[in-house]
Amino acid sequence: MNPHDLSTTARNTWCPGCGNFSILNAMRSVLARMDEEGFPVENTVLVSGIGCHGKIVDYLDVNSFYSIHGRTIPVATGIKLANPDLNVICFSGDGDSLAEGLDHLIFAAKRNIDITLILHDNRVYGLTTGQYTPTSPTGFRGKSTPDGSIERPLNPLDLMLSAGATFIARGYSHGIEQLQSLFKEAILHKGFSFVDVLQVCVSYFNMYESYNRRTYSVEGNDAASFDQARNIIRRWSYDDSESQIPLGKFYQIDAPRFDQAYSQTKPLLARGDKIGSKLESFI
């Protein structure tokens with residue numbers, strides 16, 4: 001399949017230079033390539049949230065669902081449980097998933113449900129013109145914090161590692177080849193996949209110069225090691241320091257999945273049998 005076959009006629013309204021273009025182009029190429037490799041695009045469902053990122057589903061000719069603010073994961077969970085054979089991919093912003101939807105994000109990781117979440121992490125509420133988010137650095141000056149935010153940022157990868165996600169990675173919107181590789185691995189991974197993309201908002205928090213200077217790709221790490229992943233993830237805390245920022249796949253393991261356990265218990269539920277023993281291995 002030609003990636004252009006997945007384009008739509010919707011007019012793109014992102015700002016020129018927006019990092020969302022890289023995510024869109026990378027995902028379009030990945031889905032087209034996977035279609036050729038035996039993963040039909042008809043078996044993929046995209047779920048988006050509220051924010052500039054949400055318009056990505058308008059520009060991809062793929063089955064999709066618009067959720068409300070912070071609720072991409074409940075929708076994606078319902079779709080996956082209803083039809084476990086589908087590839088379910090969520091697109092969400094740092095405000096969307098780390099503020100309004102934080103509880104859902106944590107429980108998706110804890111349950112290790114087989115969905116992929118792509119976090120468009122521009123570290124600002126771009127759609128509403130410049131308020132700080134959970135990943136904005138301390139001192140961020142925006143519409144809601146003209147004197148600078150006094151809050152410390154979250155490290156979403158550290159949170160996901162602690163919560164139980166089984167695939168964790170970080171990409172950057174100036175590295176489309178790496179994004180393609182990470183997206184494909186995340187989608188094919190069986191379990192909850194979390195890819196944090198440093199997706200620059202040129203209008204309200206232009207970090208291109210800083211990221212170009214400070215990002216680097218991690219090589220030779222043991223992705224099955226929790227301790228190694230934690231050490232790499234904590235090299236940068238999303239603050240406003242001059243720390244180097246690692247990119248790449250940091251963590252990947254196999255573990256029991258919520259959708260597996262749920263599928264196994266459905267026949268028992270229909271018969272009214274006790275399900276405790278079936279869930280024991282998952283819990």
# chains A, B, ... in the order shown; residues from 1 in each chain; ligands from 1

$ select_by_dssp --residues "range 45-269 of chain A" --states "alpha helix (DSSP H)" --output "PyMOL selection string"
chain A and resi 72-82+94-95+102-111+156-163+176-188+208-214+226-233+258-269

$ residues_around --residues "range 116-131 of chain A" --least-positions-apart "5" --cutoff "7 Å" --atoms "only C-alpha atoms" --output "JSON, numbers by chain"
{"A": [51, 52, 53, 88, 89, 90, 91, 92, 93, 94, 95, 136, 142, 143, 144, 186, 187, 192, 193, 194, 195, 196, 197, 198, 199, 200, 201, 204, 205]}

$ write_last_selection --atoms "N, CA, C and O atoms" --output "mmCIF file, in the first residue's frame"
data_model
loop_
_atom_site.group_PDB
_atom_site.id
_atom_site.type_symbol
_atom_site.label_atom_id
_atom_site.label_comp_id
_atom_site.auth_asym_id
_atom_site.auth_seq_id
_atom_site.Cartn_x
_atom_site.Cartn_y
_atom_site.Cartn_z
ATOM 1 N N GLY A 51 -7.539 18.269 21.696
ATOM 2 C CA GLY A 51 -6.308 19.039 21.591
ATOM 3 C C GLY A 51 -5.875 19.082 20.139
ATOM 4 O O GLY A 51 -6.508 18.469 19.271
ATOM 5 N N CYS A 52 -4.797 19.793 19.847
ATOM 6 C CA CYS A 52 -4.324 19.866 18.463
ATOM 7 C C CYS A 52 -4.045 18.480 17.902
ATOM 8 O O CYS A 52 -4.277 18.214 16.723
ATOM 9 N N HIS A 53 -3.548 17.587 18.747
ATOM 10 C CA HIS A 53 -3.216 16.240 18.284
ATOM 11 C C HIS A 53 -4.432 15.514 17.727
ATOM 12 O O HIS A 53 -4.314 14.660 16.848
ATOM 13 N N VAL A 88 -5.408 -1.367 18.266
ATOM 14 C CA VAL A 88 -6.024 -0.139 18.756
ATOM 15 C C VAL A 88 -4.922 0.841 19.152
ATOM 16 O O VAL A 88 -4.079 0.531 19.996
ATOM 17 N N ILE A 89 -4.937 2.005 18.523
ATOM 18 C CA ILE A 89 -3.893 3.009 18.723
ATOM 19 C C ILE A 89 -4.516 4.295 19.208
ATOM 20 O O ILE A 89 -5.428 4.835 18.567
ATOM 21 N N CYS A 90 -4.031 4.791 20.342
ATOM 22 C CA CYS A 90 -4.520 6.055 20.911
ATOM 23 C C CYS A 90 -3.540 7.181 20.601
ATOM 24 O O CYS A 90 -2.325 7.004 20.715
ATOM 25 N N PHE A 91 -4.079 8.334 20.243
ATOM 26 C CA PHE A 91 -3.296 9.555 20.138
ATOM 27 C C PHE A 91 -3.798 10.497 21.222
ATOM 28 O O PHE A 91 -4.996 10.748 21.323
ATOM 29 N N SER A 92 -2.866 11.009 22.023
ATOM 30 C CA SER A 92 -3.280 11.850 23.141
ATOM 31 C C SER A 92 -2.210 12.893 23.406
ATOM 32 O O SER A 92 -1.035 12.691 23.081
ATOM 33 N N GLY A 93 -2.616 14.014 23.976
ATOM 34 C CA GLY A 93 -1.667 15.055 24.335
ATOM 35 C C GLY A 93 -1.226 14.933 25.780
ATOM 36 O O GLY A 93 -1.804 14.174 26.561
ATOM 37 N N ASP A 94 -0.193 15.691 26.155
ATOM 38 C CA ASP A 94 0.294 15.631 27.533
ATOM 39 C C ASP A 94 -0.749 16.165 28.505
ATOM 40 O O ASP A 94 -0.895 15.643 29.614
ATOM 41 N N GLY A 95 -1.506 17.169 28.110
ATOM 42 C CA GLY A 95 -2.602 17.630 28.959
ATOM 43 C C GLY A 95 -3.740 16.635 28.969
ATOM 44 O O GLY A 95 -4.339 16.348 30.008
ATOM 45 N N SER A 136 5.232 20.669 31.494
ATOM 46 C CA SER A 136 5.896 21.966 31.320
ATOM 47 C C SER A 136 6.962 22.142 32.403
ATOM 48 O O SER A 136 6.762 21.727 33.549
ATOM 49 N N GLY A 142 3.129 31.204 30.630
ATOM 50 C CA GLY A 142 2.061 31.029 29.653
ATOM 51 C C GLY A 142 0.842 31.824 30.060
ATOM 52 O O GLY A 142 0.879 32.632 31.003
ATOM 53 N N LYS A 143 -0.271 31.595 29.360
ATOM 54 C CA LYS A 143 -1.495 32.345 29.615
ATOM 55 C C LYS A 143 -1.975 32.202 31.060
ATOM 56 O O LYS A 143 -2.478 33.149 31.660
ATOM 57 N N SER A 144 -1.813 31.008 31.636
ATOM 58 C CA SER A 144 -2.298 30.778 33.000
ATOM 59 C C SER A 144 -1.228 31.010 34.056
ATOM 60 O O SER A 144 -1.528 31.042 35.252
ATOM 61 N N ALA A 186 5.897 -0.622 18.834
ATOM 62 C CA ALA A 186 4.871 -0.422 19.859
ATOM 63 C C ALA A 186 3.558 -1.083 19.462
ATOM 64 O O ALA A 186 2.897 -1.734 20.280
ATOM 65 N N ILE A 187 3.170 -0.937 18.210
ATOM 66 C CA ILE A 187 1.911 -1.524 17.738
ATOM 67 C C ILE A 187 1.970 -3.046 17.764
ATOM 68 O O ILE A 187 0.996 -3.713 18.136
ATOM 69 N N PHE A 192 0.599 -3.169 26.978
ATOM 70 C CA PHE A 192 0.402 -1.727 26.911
ATOM 71 C C PHE A 192 1.687 -1.035 26.470
ATOM 72 O O PHE A 192 2.724 -1.133 27.124
ATOM 73 N N SER A 193 1.603 -0.339 25.333
ATOM 74 C CA SER A 193 2.758 0.355 24.768
ATOM 75 C C SER A 193 2.581 1.860 24.932
ATOM 76 O O SER A 193 1.520 2.406 24.600
ATOM 77 N N PHE A 194 3.640 2.505 25.397
ATOM 78 C CA PHE A 194 3.612 3.953 25.629
ATOM 79 C C PHE A 194 4.794 4.578 24.912
ATOM 80 O O PHE A 194 5.949 4.259 25.202
ATOM 81 N N VAL A 195 4.501 5.460 23.944
ATOM 82 C CA VAL A 195 5.548 6.166 23.211
ATOM 83 C C VAL A 195 5.366 7.661 23.435
ATOM 84 O O VAL A 195 4.380 8.247 22.991
ATOM 85 N N ASP A 196 6.293 8.252 24.150
ATOM 86 C CA ASP A 196 6.276 9.689 24.408
ATOM 87 C C ASP A 196 7.023 10.381 23.274
ATOM 88 O O ASP A 196 8.206 10.112 23.055
ATOM 89 N N VAL A 197 6.337 11.246 22.526
ATOM 90 C CA VAL A 197 6.961 11.954 21.411
ATOM 91 C C VAL A 197 7.130 13.419 21.780
ATOM 92 O O VAL A 197 6.149 14.106 22.078
ATOM 93 N N LEU A 198 8.370 13.887 21.791
ATOM 94 C CA LEU A 198 8.636 15.308 22.007
ATOM 95 C C LEU A 198 8.202 16.036 20.733
ATOM 96 O O LEU A 198 8.952 16.161 19.775
ATOM 97 N N GLN A 199 6.962 16.474 20.743
ATOM 98 C CA GLN A 199 6.282 17.031 19.569
ATOM 99 C C GLN A 199 6.201 18.537 19.754
ATOM 100 O O GLN A 199 5.389 19.048 20.510
ATOM 101 N N VAL A 200 7.071 19.252 19.064
ATOM 102 C CA VAL A 200 7.252 20.684 19.337
ATOM 103 C C VAL A 200 6.065 21.515 18.848
ATOM 104 O O VAL A 200 5.576 21.339 17.729
ATOM 105 N N CYS A 201 5.618 22.420 19.722
ATOM 106 C CA CYS A 201 4.613 23.430 19.362
ATOM 107 C C CYS A 201 5.361 24.724 19.035
ATOM 108 O O CYS A 201 5.858 25.406 19.946
ATOM 109 N N TYR A 204 3.692 28.151 20.718
ATOM 110 C CA TYR A 204 3.621 28.509 22.133
ATOM 111 C C TYR A 204 4.748 27.936 22.992
ATOM 112 O O TYR A 204 4.887 28.331 24.151
ATOM 113 N N PHE A 205 5.540 27.009 22.450
ATOM 114 C CA PHE A 205 6.674 26.503 23.220
ATOM 115 C C PHE A 205 7.662 25.862 22.248
ATOM 116 O O PHE A 205 7.778 24.644 22.166
#

$ closest_residue --among "A:Ile232, A:Leu247, A:Leu154, A:Val57" --to "His174 in chain A" --atoms "only C-alpha atoms"
A:Leu247

$ atom_distance --atom1 "CA of Phe167 in chain A" --atom2 "CA of Val47 in chain A"
18.9 Å

$ closest_residue --among "A:Glu209, A:Asp147, A:Asp239, A:Glu185" --to "Tyr251 in chain A" --atoms "only C-alpha atoms"
A:Glu185

$ residues_around --residues "Phe258 in chain A" --least-positions-apart "6" --cutoff "6 Å" --atoms "only C-alpha atoms" --output "count of residues only"
3

$ select_by_dssp --residues "range 10-157 of chain A" --states "strand (DSSP E or B)" --output "number ranges by chain"
A: 44-48, 64-66, 87-93, 116-121, 125, 131

$ write_last_selection --atoms "N, CA and C atoms" --output "compact mmCIF listing (two decimals), in the first residue's frame"
# COMPACT_ATOMS: atom_id res chain seq x y z
N THR A 44 -7.29 -1.96 12.06
CA THR A 44 -6.73 -0.95 12.95
C THR A 44 -7.80 0.08 13.27
N VAL A 45 -7.85 0.49 14.54
CA VAL A 45 -8.76 1.55 14.98
C VAL A 45 -7.94 2.61 15.69
N LEU A 46 -8.13 3.85 15.31
CA LEU A 46 -7.46 4.98 15.95
C LEU A 46 -8.43 5.69 16.88
N VAL A 47 -7.93 6.07 18.05
CA VAL A 47 -8.73 6.84 19.00
C VAL A 47 -7.96 8.10 19.35
N SER A 48 -8.61 9.25 19.26
CA SER A 48 -7.93 10.50 19.59
C SER A 48 -8.67 11.23 20.70
N SER A 64 -11.72 5.28 12.96
CA SER A 64 -11.30 6.13 14.07
C SER A 64 -12.48 6.54 14.94
N PHE A 65 -12.14 7.04 16.12
CA PHE A 65 -13.14 7.45 17.11
C PHE A 65 -12.60 8.67 17.85
N TYR A 66 -13.37 9.74 17.87
CA TYR A 66 -13.02 10.91 18.68
C TYR A 66 -13.56 10.72 20.09
N ASN A 87 -5.98 -3.91 16.12
CA ASN A 87 -4.90 -3.06 16.61
C ASN A 87 -5.51 -1.72 17.00
N VAL A 88 -5.41 -1.37 18.27
CA VAL A 88 -6.02 -0.14 18.76
C VAL A 88 -4.92 0.84 19.15
N ILE A 89 -4.94 2.00 18.52
CA ILE A 89 -3.89 3.01 18.72
C ILE A 89 -4.52 4.30 19.21
N CYS A 90 -4.03 4.79 20.34
CA CYS A 90 -4.52 6.06 20.91
C CYS A 90 -3.54 7.18 20.60
N PHE A 91 -4.08 8.33 20.24
CA PHE A 91 -3.30 9.56 20.14
C PHE A 91 -3.80 10.50 21.22
N SER A 92 -2.87 11.01 22.02
CA SER A 92 -3.28 11.85 23.14
C SER A 92 -2.21 12.89 23.41
N GLY A 93 -2.62 14.01 23.98
CA GLY A 93 -1.67 15.06 24.33
C GLY A 93 -1.23 14.93 25.78
N THR A 116 -1.91 0.72 22.16
CA THR A 116 -0.74 1.59 22.01
C THR A 116 -1.15 3.03 22.23
N LEU A 117 -0.41 3.75 23.06
CA LEU A 117 -0.67 5.17 23.26
C LEU A 117 0.51 5.99 22.76
N ILE A 118 0.23 6.87 21.81
CA ILE A 118 1.22 7.81 21.29
C ILE A 118 0.95 9.15 21.96
N LEU A 119 1.88 9.62 22.79
CA LEU A 119 1.69 10.87 23.51
C LEU A 119 2.32 12.01 22.71
N HIS A 120 1.50 12.93 22.23
CA HIS A 120 1.97 14.14 21.54
C HIS A 120 2.37 15.13 22.63
N ASP A 121 3.61 15.07 23.04
CA ASP A 121 4.05 15.78 24.25
C ASP A 121 4.74 17.10 23.87
N TYR A 125 -0.55 23.52 26.46
CA TYR A 125 -1.88 23.42 25.87
C TYR A 125 -1.91 24.35 24.66
N GLN A 131 -1.34 27.48 27.83
CA GLN A 131 -1.28 27.24 29.27
C GLN A 131 -0.29 26.10 29.56

$ closest_residue --among "A:Tyr211, A:Tyr262, A:Phe226, A:Phe21" --to "Pro246 in chain A" --atoms "only C-alpha atoms"
A:Tyr211

$ residues_around --residues "Gln252 in chain A" --least-positions-apart "4" --cutoff "8 Å" --atoms "only C-alpha atoms" --output "number ranges by chain"
A: 166-168, 223-224

$ write_last_selection --atoms "all heavy atoms" --output "CSV table (one decimal), in the first residue's frame"
chain,number,residue,atom,x,y,z
A,166,THR,N,4.5,-2.3,29.6
A,166,THR,CA,5.4,-3.3,29.2
A,166,THR,C,6.2,-2.9,27.9
A,166,THR,O,7.1,-3.6,27.5
A,166,THR,CB,4.8,-4.6,29.0
A,166,THR,OG1,3.6,-4.5,28.1
A,166,THR,CG2,4.3,-5.2,30.3
A,167,PHE,N,5.9,-1.7,27.4
A,167,PHE,CA,6.7,-1.2,26.3
A,167,PHE,C,6.8,0.3,26.5
A,167,PHE,O,5.7,1.0,26.6
A,167,PHE,CB,6.1,-1.5,24.9
A,167,PHE,CG,6.9,-1.0,23.7
A,167,PHE,CD1,7.7,-1.8,23.0
A,167,PHE,CD2,6.9,0.4,23.3
A,167,PHE,CE1,8.5,-1.4,21.9
A,167,PHE,CE2,7.7,0.8,22.3
A,167,PHE,CZ,8.5,-0.1,21.6
A,168,ILE,N,8.0,0.9,26.6
A,168,ILE,CA,8.2,2.3,26.9
A,168,ILE,C,9.2,2.9,26.0
A,168,ILE,O,10.4,2.3,25.9
A,168,ILE,CB,8.5,2.5,28.4
A,168,ILE,CG1,7.4,2.0,29.3
A,168,ILE,CG2,8.8,4.0,28.6
A,168,ILE,CD1,7.8,2.1,30.8
A,223,ALA,N,16.7,-3.7,27.0
A,223,ALA,CA,15.3,-3.2,27.2
A,223,ALA,C,14.5,-4.1,28.1
A,223,ALA,O,13.4,-3.7,28.6
A,223,ALA,CB,14.6,-3.2,25.8
A,224,ALA,N,15.0,-5.3,28.4
A,224,ALA,CA,14.3,-6.2,29.4
A,224,ALA,C,14.6,-5.9,30.8
A,224,ALA,O,14.0,-6.4,31.8
A,224,ALA,CB,14.6,-7.6,29.1

$ closest_residue --among "A:Ser162, A:Asn212, A:Asn63, A:Ser181" --to "Asp227 in chain A" --atoms "only C-alpha atoms"
A:Ser162

$ closest_residue --among "A:Pro84, A:Gly54, A:Pro3, A:Pro137" --to "Met34 in chain A" --atoms "only C-alpha atoms"
A:Pro3

$ atom_distance --atom1 "CA of Ala10 in chain A" --atom2 "CA of Leu60 in chain A"
9.3 Å

$ atom_distance --atom1 "CA of Ala255 in chain A" --atom2 "CA of Ala108 in chain A"
13.5 Å
